[in-house]
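Notes follow once the structure below has been shown.
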Amino acid sequence: MGDEILIVDDDETLRQLLTHRLESAGYTVRVCEDGQAAADLLDTEYEPALAICDVMMPRLDGTRLVRMIRGGELTVRSDLPIVMLTSRGQEEHVLEGFDSGADDYVTKPFRAQELLARVRRYATA
């Protein structure tokens with residue numbers, strides 16, 4: 001299998017869909033159901049090649065998670081590539097995502113092939 005991708009999203013159906021698509025493309029996938037679960041995981045020795053992260057989640061939102069990663073508050077490397085995947089597509093939300101440190105920003109609904117093309121920029125299958 002290829003590089004490991006971390007999916008952080010509170011929508012179980014979307015996590016399953018993304019897992020299926022990424023595994024079919026040759027990636028290994030790990031999932032977290034919210035930002036706090038991801039922060040706990042990323043504060044261990046776990047080092048994914050890429051994180052795909054929702055913005056609006058319970059316990060810890062995606063923007064705060066990205067800021068924690070970029071600020072070196074977690075054990076994971078601070079330059080971990082992060083793609084935000086969210087329904088918040090208004091310009092101010094996109095800018096907030098980039099300002100938090102996200103490398104890319106994809107709005108829902110999204111085209112699976114487009115997301116896979118973005119994933120390939122950061123990880124190898």
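Each chain in the structure tokens gets a letter, A, B, ..., in the order shown, and its residues are numbered from 1; ligands are numbered from 1 in order too.
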> Contacts of Leu17 in chain A at 12 Å or less, counting only C-alpha atoms, minus same-chain residues fewer than 5 places along, as a ChimeraX atom specification?
Replying inline: /A:7,9,11-12,22-24,29,31,110-112
>> Among chain A, which residues does DSSP mark as alpha helix (DSSP H) when it is run on the backbone? Keep the chain and numbering as in the structure and answer as a VMD selection string.
In response: chain A and resid 12 to 24 35 to 42 62 to 70 91 to 100 112 to 120
>> For a test of reading the model, state the distance in Å between CA of Thr19 in chain A and CA of Asp43 in chain A, rounded to one decimal.
In response: 22.3 Å
> Excluding same-chain residues fewer than 5 positions from Gln90 in chain A, what lies within 12 Å of it counting only C-alpha atoms, as a VMD selection string?
Replying inline: chain A and resid 95 to 97 105 to 108
Include C-alpha atoms and write out the residues we just selected as a compact mmCIF listing (two decimals), in the first residue's frame.
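Printed below is out02.txt as written:
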# COMPACT_ATOMS: atom_id res chain seq x y z
CA LEU A 95 -9.39 32.56 3.38
CA GLU A 96 -9.76 31.53 7.04
CA GLY A 97 -8.76 27.98 6.07
CA TYR A 105 -9.21 23.80 0.41
CA VAL A 106 -11.96 21.73 -1.23
CA THR A 107 -15.65 22.50 -0.84
CA LYS A 108 -18.46 19.93 -0.55
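Restricting the calculation to only C-alpha atoms, the smallest distance between Pro58 in chain A and any of A:Glu114, A:Glu33, A:Glu91, A:Asp104 is found for A:Glu33.
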>> Using only C-alpha atoms, which protein or nucleic acid residues come within 10 Å of Met57 in chain A? Drop anything in the same chain fewer than 2 positions from it, and give the result as number ranges by chain.
In response: A: 8-11, 33-36, 53-55, 59-63
Would you mind exporting N, CA, C and O atoms of the selected residues as a CSV table (one decimal), in the first residue's frame?
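Result file again08.csv:
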chain,number,residue,atom,x,y,z
A,8,VAL,N,-10.2,13.3,8.8
A,8,VAL,CA,-10.8,13.8,10.0
A,8,VAL,C,-12.1,14.4,9.6
A,8,VAL,O,-12.1,15.5,9.0
A,9,ASP,N,-13.2,13.7,9.9
A,9,ASP,CA,-14.5,14.3,9.6
A,9,ASP,C,-15.6,13.6,10.5
A,9,ASP,O,-15.5,12.4,10.7
A,10,ASP,N,-16.6,14.3,10.9
A,10,ASP,CA,-17.6,13.8,11.8
A,10,ASP,C,-18.7,13.1,11.0
A,10,ASP,O,-19.6,12.4,11.6
A,11,ASP,N,-18.7,13.1,9.7
A,11,ASP,CA,-19.7,12.5,8.9
A,11,ASP,C,-19.3,11.1,8.5
A,11,ASP,O,-18.4,10.9,7.7
A,33,GLU,N,-13.1,10.7,14.0
A,33,GLU,CA,-14.4,11.2,13.9
A,33,GLU,C,-14.6,12.7,14.3
A,33,GLU,O,-15.6,13.2,14.1
A,34,ASP,N,-13.5,13.2,14.8
A,34,ASP,CA,-13.5,14.7,15.2
A,34,ASP,C,-12.1,15.2,15.4
A,34,ASP,O,-11.2,14.4,15.4
A,35,GLY,N,-12.0,16.5,15.5
A,35,GLY,CA,-10.7,17.1,15.7
A,35,GLY,C,-10.0,16.7,16.9
A,35,GLY,O,-8.7,16.6,16.9
A,36,GLN,N,-10.7,16.5,18.0
A,36,GLN,CA,-10.0,16.1,19.2
A,36,GLN,C,-9.4,14.7,19.1
A,36,GLN,O,-8.2,14.5,19.5
A,53,CYS,N,-9.1,17.2,6.3
A,53,CYS,CA,-9.8,17.6,7.5
A,53,CYS,C,-11.0,18.5,7.2
A,53,CYS,O,-10.9,19.5,6.5
A,54,ASP,N,-12.1,18.1,7.9
A,54,ASP,CA,-13.3,18.9,7.8
A,54,ASP,C,-13.1,20.1,8.7
A,54,ASP,O,-12.2,20.2,9.6
A,55,VAL,N,-13.9,21.2,8.5
A,55,VAL,CA,-13.8,22.4,9.4
A,55,VAL,C,-14.7,22.3,10.6
A,55,VAL,O,-14.3,22.4,11.7
A,59,ARG,N,-16.2,19.0,19.4
A,59,ARG,CA,-15.1,18.9,20.4
A,59,ARG,C,-13.9,19.8,19.9
A,59,ARG,O,-13.4,20.6,20.7
A,60,LEU,N,-13.4,19.7,18.7
A,60,LEU,CA,-12.3,20.6,18.2
A,60,LEU,C,-12.5,20.8,16.7
A,60,LEU,O,-12.5,19.8,16.0
A,61,ASP,N,-12.7,22.0,16.3
A,61,ASP,CA,-12.9,22.2,14.9
A,61,ASP,C,-11.6,22.1,14.1
A,61,ASP,O,-10.5,22.2,14.6
A,62,GLY,N,-11.8,21.9,12.8
A,62,GLY,CA,-10.7,21.7,11.9
A,62,GLY,C,-9.7,22.9,11.8
A,62,GLY,O,-8.5,22.7,11.7
A,63,THR,N,-10.2,24.1,11.9
A,63,THR,CA,-9.4,25.3,11.8
A,63,THR,C,-8.4,25.3,13.0
A,63,THR,O,-7.2,25.5,12.9
>> I'd like the contact shell of Ile69 in chain A - 9 Å cut-off, only C-alpha atoms, skipping same-chain residues fewer than 2 positions apart - returned as a PyMOL selection string.
In response: chain A and resi 39+42+64-67+71-80+101
> Hey, which of A:Leu14, A:Ala49, A:His20, A:Ala123 ends up closest to Cys32 in chain A? Count only C-alpha atoms.
Replying inline: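 Smallest separation from Cys32 in chain A among the options: A:Leu14.
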>> Given only C-alpha atoms as the basis, pick out the residue of A:Tyr46, A:Leu85, A:Arg15, A:Asp40 nearest to Leu115 in chain A.
In response: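 With only C-alpha atoms as the atom set, the closest residue is A:Leu85.
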> What's the 12 Å shell around Thr124 in chain A, counting only C-alpha atoms, without same-chain residues fewer than 6 positions away, as a list of chain:residue names?
Replying inline: A:Met1, A:Gly2, A:Asp3, A:Glu4, A:Ile5, A:Leu22, A:Glu23, A:Ala25, A:Gly26, A:Tyr27, A:Thr28, A:Pro48, A:Ala49, A:Leu50, A:Leu116, A:Ala117, A:Arg118
Export N, CA, C and O atoms of the chosen residues as a tab-separated table (two decimals), in the first residue's frame?
chain	number	residue	atom	x	y	z
A	1	MET	N	0.84	-1.18	0.00
A	1	MET	CA	0.00	0.00	0.00
A	1	MET	C	0.88	1.25	0.00
A	1	MET	O	2.02	1.21	0.41
A	2	GLY	N	0.28	2.35	-0.41
A	2	GLY	CA	1.02	3.60	-0.48
A	2	GLY	C	0.99	4.37	0.82
A	2	GLY	O	0.73	3.82	1.89
A	3	ASP	N	1.30	5.64	0.70
A	3	ASP	CA	1.31	6.52	1.86
A	3	ASP	C	0.00	6.47	2.62
A	3	ASP	O	-1.06	6.20	2.05
A	4	GLU	N	0.08	6.79	3.90
A	4	GLU	CA	-1.13	6.78	4.73
A	4	GLU	C	-1.74	8.17	4.78
A	4	GLU	O	-1.06	9.17	4.99
A	5	ILE	N	-3.06	8.21	4.60
A	5	ILE	CA	-3.83	9.44	4.63
A	5	ILE	C	-4.71	9.42	5.88
A	5	ILE	O	-5.38	8.41	6.15
A	22	LEU	N	-9.91	6.31	-1.57
A	22	LEU	CA	-8.46	6.40	-1.37
A	22	LEU	C	-7.82	5.02	-1.34
A	22	LEU	O	-6.75	4.82	-1.94
A	23	GLU	N	-8.45	4.06	-0.68
A	23	GLU	CA	-7.90	2.70	-0.68
A	23	GLU	C	-7.91	2.11	-2.09
A	23	GLU	O	-6.96	1.43	-2.49
A	25	ALA	N	-7.46	3.72	-4.72
A	25	ALA	CA	-6.37	4.39	-5.43
A	25	ALA	C	-4.99	3.96	-4.92
A	25	ALA	O	-3.98	4.43	-5.43
A	26	GLY	N	-4.96	3.08	-3.91
A	26	GLY	CA	-3.68	2.55	-3.44
A	26	GLY	C	-3.15	3.13	-2.15
A	26	GLY	O	-2.04	2.80	-1.74
A	27	TYR	N	-3.93	3.98	-1.50
A	27	TYR	CA	-3.49	4.59	-0.24
A	27	TYR	C	-3.94	3.76	0.95
A	27	TYR	O	-4.92	3.03	0.88
A	28	THR	N	-3.24	3.90	2.04
A	28	THR	CA	-3.66	3.38	3.33
A	28	THR	C	-4.39	4.52	4.02
A	28	THR	O	-3.97	5.67	3.91
A	48	PRO	N	1.18	10.67	9.35
A	48	PRO	CA	0.58	10.42	8.04
A	48	PRO	C	1.29	11.26	6.97
A	48	PRO	O	1.97	12.24	7.28
A	49	ALA	N	1.10	10.89	5.72
A	49	ALA	CA	1.65	11.68	4.62
A	49	ALA	C	0.81	12.92	4.37
A	49	ALA	O	1.32	13.93	3.87
A	50	LEU	N	-0.48	12.86	4.73
A	50	LEU	CA	-1.43	13.92	4.43
A	50	LEU	C	-2.62	13.78	5.36
A	50	LEU	O	-3.01	12.67	5.71
A	116	LEU	N	-8.78	13.36	-5.49
A	116	LEU	CA	-7.66	12.44	-5.65
A	116	LEU	C	-6.47	13.13	-6.33
A	116	LEU	O	-5.31	12.87	-5.96
A	117	ALA	N	-6.72	14.00	-7.27
A	117	ALA	CA	-5.63	14.74	-7.91
A	117	ALA	C	-4.92	15.62	-6.89
A	117	ALA	O	-3.69	15.72	-6.90
A	118	ARG	N	-5.67	16.22	-6.00
A	118	ARG	CA	-5.06	17.05	-4.96
A	118	ARG	C	-4.26	16.19	-3.98
A	118	ARG	O	-3.19	16.57	-3.55
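Within chain A, residues classed as strand (DSSP E) by DSSP on backbone coordinates are Glu4, Ile5, Leu6, Ile7, Val8, Thr28, Val29, Arg30, Val31, Cys32, Leu50, Ala51, Ile52, Cys53, Ile82, Val83, Met84, Leu85, Thr86, Asp104, Tyr105, Val106 and Thr107 of chain A.
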>> Please report the interatomic distance between CA of Ile52 in chain A and CA of Glu92 in chain A in Å with one decimal.
In response: 19.8 Å
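Among A:Ala51, A:Thr44, A:Arg121, A:Ser87, the residue with the shortest atom-to-atom distance to Ala102 in chain A, counting only C-alpha atoms, is A:Ala51.
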>> Would you compute the distance between CA of Glu45 in chain A and CA of Thr13 in chain A? Give it in Å to one decimal.
In response: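 Going from CA of Glu45 in chain A over to CA of Thr13 in chain A, I get 27.8 Å.
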>> I'd like to know which of A:Met56, A:Ile82, A:Arg21, A:Glu47 is closest to Ala125 in chain A, using only C-alpha atoms.
In response: A:Arg21
